[in-house]
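Reviewing the structure listed below.
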2 protein chains.
Amino acid sequence: MRGRDTRAELVQTMAGLLRAQGYTATGRAQLLAESGVSNGSLYHHFPGGMEEVAEVALEASGCFVADALREALDGAPNAGAGVARFLDIAQEAAIDEQCVGCPVAPTALESPIISPRLRAVAARCFDQWEALIAARLRADGWPEDSLSTAASAALALIEGALLLARVSGQLSHLAHAKHAALTLLAAPPAQDDS
Amino acid sequence: MRGRDTRAELVQTMAGLLRAQGYTATGRAQLLAESGVSNGSLYHHFPGGMEEVAEVALEASGCFVADALREALDGAPNAGAGVARFLDIAQEAAIDEQCVGCPVAPTALESPIISPRLRAVAARCFDQWEALIAARLRADGWPEDSLSTAASAALALIEGALLLARVSGQLSHLAHAKHAALTLLAAPPAQDDS
DNA sequence: CGCTGCCTGGAGCGATCGCTCTAGTAGTTT
DNA sequence: AAACTACTAGAGCGATCGCTCCAGGCAGCG
């Protein structure tokens, strides 16, 4: 294995570990063992060490989720249906991969004290996702001053449901959130045209 | 400091650290330094070591949140207003203590792989909170078969909002969730009386 | 007072942490 | 073929990890 492959393998493996157990719990030895990369290669591709790998991996996970979310929103009649569709995809993926939950959340929650840089990356991910939902709401005709409120709540619903599903092991939380999202984002609120 | 005080101090300090950075990131040295307890005392009161302290601390945090949630729900006209009130309390506490977020979530997210016992405690916390909301919905006259769906979604909304607020540093996420909770739990759905 | 048992303080253990450094290999260039 | 660059393998570093163990202090009771 040489060049780009090695780097990509590290990022991919790190992303999986971050999703499963977060940043601090992921030791260098585990990353090397699961990726099959040697210690020297790690520090060649990522002079910044573990933190740099985590940064890149988190960024990659953020983009991956953003793509899935964008696709779900685009292929649905409205934002509510799009969020519901996204939750369906998350559920299917959970069954396939035996792994539930947001790939960013575990790292995000411990990051504020552990690593400001990781916190910043995680915050950017969430902002991006919220912006995607807000854009779809705007396209649905939602009034401008209600966009961020509704989008933030929808994202909170998604993240919370993924959290509950992971900890409890019950995927039904995703279905419940799906139902709530459909209710919450079904139609724009009464227009407050000034 | 002797006896009960030492034990309580350990639990209290551990609860704070778990909230701020989760389980794996909390080292034994940090716990001892911040609590002012010596290493010998730790293993006298908690023969099970760090994991046992974390277990007890997580349990304590769960009860603390449950009390606050119960109080908020009891003192409100309906479940939606109760959840909104709880989010207000969380926001005030965040401003006072300079610390946002659920005290259980960070540990909960890393627990499934790290420690099955911590996962179980966290799951019990979430179950308990969801049950509190469900009980209030029942008292509001919600149909029995919609209770768990609505309560699960409400809890997801709370947890998600606390997560977003912590990572972004923007307390406004709590206000957005509050608005959504009021909408979502305002009135029981159309009765499906069979 | 002296004895007993709970509790504390701290030295020290092996294991593991993230990381540095160097020797060596593979691929490209000239 | 020689020189050069890109990359890899792995030994080894100091620091820190969670934990064990024991000597000593400090009640409460005779």
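By order of appearance in the structure tokens: chains A, B, ..., then residues from 1 within every chain, and ligands from 1 in the order shown.
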
Considering only C-alpha atoms (C1' of nucleotides), return as a PDB file with N, CA and C atoms (P, O5', C5', C4', C3', O3' and C1' of nucleotides), in the first residue's frame whatever protein or nucleic-acid residues lie within 12 Å of DG14 of chain C, sequence-local ones (same chain, fewer than 3 positions apart) excluded.
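Printed below is around_15.pdb as written:
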ATOM      1  P    DC D  17      -2.532  11.000  33.153  1.00  0.00           P
ATOM      2  O5'  DC D  17      -3.006   9.473  33.010  1.00  0.00           O
ATOM      3  C5'  DC D  17      -3.344   8.982  31.721  1.00  0.00           C
ATOM      4  C4'  DC D  17      -3.503   7.473  31.770  1.00  0.00           C
ATOM      5  C3'  DC D  17      -4.157   6.943  33.017  1.00  0.00           C
ATOM      6  O3'  DC D  17      -5.559   6.935  32.831  1.00  0.00           O
ATOM      7  C1'  DC D  17      -2.221   5.646  32.465  1.00  0.00           C
ATOM      8  P    DG D  18      -6.480   7.114  34.139  1.00  0.00           P
ATOM      9  O5'  DG D  18      -6.641   5.624  34.677  1.00  0.00           O
ATOM     10  C5'  DG D  18      -6.983   4.570  33.798  1.00  0.00           C
ATOM     11  C4'  DG D  18      -6.736   3.248  34.471  1.00  0.00           C
ATOM     12  C3'  DG D  18      -7.441   3.051  35.811  1.00  0.00           C
ATOM     13  O3'  DG D  18      -7.950   1.719  35.902  1.00  0.00           O
ATOM     14  C1'  DG D  18      -5.109   2.853  36.110  1.00  0.00           C
ATOM     15  P    DC D  19      -8.740   1.260  37.246  1.00  0.00           P
ATOM     16  O5'  DC D  19      -7.578   0.654  38.149  1.00  0.00           O
ATOM     17  C5'  DC D  19      -6.702  -0.320  37.608  1.00  0.00           C
ATOM     18  C4'  DC D  19      -5.593  -0.653  38.581  1.00  0.00           C
ATOM     19  C3'  DC D  19      -6.033  -0.947  40.009  1.00  0.00           C
ATOM     20  O3'  DC D  19      -5.845  -2.327  40.268  1.00  0.00           O
ATOM     21  C1'  DC D  19      -4.048   0.378  39.934  1.00  0.00           C
ATOM     22  P    DT D  20      -6.331  -2.977  41.656  1.00  0.00           P
ATOM     23  O5'  DT D  20      -4.964  -3.202  42.450  1.00  0.00           O
ATOM     24  C5'  DT D  20      -3.851  -3.774  41.776  1.00  0.00           C
ATOM     25  C4'  DT D  20      -2.647  -3.833  42.714  1.00  0.00           C
ATOM     26  C3'  DT D  20      -2.962  -4.311  44.126  1.00  0.00           C
ATOM     27  O3'  DT D  20      -1.980  -5.266  44.501  1.00  0.00           O
ATOM     28  C1'  DT D  20      -1.868  -2.213  44.218  1.00  0.00           C
TER      29       DT D  20
END

Residues within 9 Å of segment 7-12 of chain D, please, as a compact mmCIF listing (two decimals) with N, CA and C atoms (P, O5', C5', C4', C3', O3' and C1' of nucleotides), in the first residue's frame. Count only C-alpha atoms (C1' of nucleotides); anything in the same chain fewer than 4 positions from it doesn't count.
# COMPACT_ATOMS: atom_id res chain seq x y z
N ARG A 2 0.61 2.12 -0.96
CA ARG A 2 1.48 3.30 -1.04
C ARG A 2 0.68 4.56 -1.37
N GLY A 3 1.29 5.68 -0.99
CA GLY A 3 0.75 6.98 -1.39
C GLY A 3 -0.64 7.29 -0.89
N VAL A 37 -1.71 0.26 8.83
CA VAL A 37 -0.69 1.22 8.44
C VAL A 37 0.37 1.27 9.54
N SER A 38 1.60 1.52 9.16
CA SER A 38 2.65 1.56 10.18
C SER A 38 2.78 2.96 10.76
N ASN A 39 3.40 2.98 11.93
CA ASN A 39 3.55 4.23 12.68
C ASN A 39 4.26 5.32 11.87
N GLY A 40 5.31 4.91 11.17
CA GLY A 40 6.05 5.89 10.39
C GLY A 40 5.19 6.56 9.33
N SER A 41 4.35 5.76 8.67
CA SER A 41 3.49 6.31 7.62
C SER A 41 2.51 7.33 8.19
N HIS A 44 4.16 10.52 8.59
CA HIS A 44 4.56 11.10 7.30
C HIS A 44 3.37 11.84 6.69
P DG C 24 20.21 -0.26 6.99
O5' DG C 24 18.94 -0.44 6.06
C5' DG C 24 17.81 -1.16 6.58
C4' DG C 24 16.63 -0.96 5.65
C3' DG C 24 16.94 -1.20 4.17
O3' DG C 24 16.08 -2.20 3.66
C1' DG C 24 15.73 0.79 4.46
P DT C 25 16.40 -2.83 2.19
O5' DT C 25 15.04 -2.52 1.42
C5' DT C 25 13.79 -2.71 2.08
C4' DT C 25 12.70 -1.99 1.30
C3' DT C 25 12.73 -2.25 -0.21
O3' DT C 25 11.43 -2.60 -0.64
C1' DT C 25 12.63 0.07 0.22
P DA C 26 11.24 -3.36 -2.07
O5' DA C 26 10.43 -2.27 -2.89
C5' DA C 26 9.24 -1.71 -2.32
C4' DA C 26 8.85 -0.47 -3.08
C3' DA C 26 8.87 -0.62 -4.61
O3' DA C 26 7.66 -0.10 -5.12
C1' DA C 26 10.15 1.26 -3.97

One-decimal distance in Å that lies between atom CA of Ala139 of chain B and atom CA of Ala76 of chain B: 12.0 Å

Listing only residues of chain A within 6 Å of chain B, what is the closest atom pair and its distance in Å (to one decimal) for each, using only C-alpha atoms, sorted by chain and residue number ascending, as a tab-separated table?
residue	atom	partner	partner_atom	distance
A:Gln21	CA	B:Glu110	CA	4.4
A:Thr24	CA	B:Ala25	CA	5.6
A:Ala25	CA	B:Thr24	CA	5.6
A:Pro106	CA	B:Leu109	CA	5.5
A:Leu109	CA	B:Pro106	CA	5.5
A:Glu110	CA	B:Gln21	CA	4.4
A:Ala123	CA	B:Ser168	CA	5.3
A:Thr149	CA	B:His176	CA	4.8
A:Ala153	CA	B:Ala177	CA	5.0
A:Ala156	CA	B:Gly160	CA	3.9
A:Leu157	CA	B:Leu157	CA	4.5
A:Glu159	CA	B:Gly160	CA	5.0
A:Gly160	CA	B:Ala156	CA	3.9
A:Ala161	CA	B:Ala156	CA	4.9
A:Val167	CA	B:Ala123	CA	5.8
A:Ser168	CA	B:Ala123	CA	5.3
A:His176	CA	B:Thr149	CA	4.8
A:Ala177	CA	B:Ala153	CA	5.0

Within 10 Å of chain B, which residues of chain C are there when counting only C-alpha atoms (C1' of nucleotides)? Please give them as a ChimeraX atom specification. /C:6-10
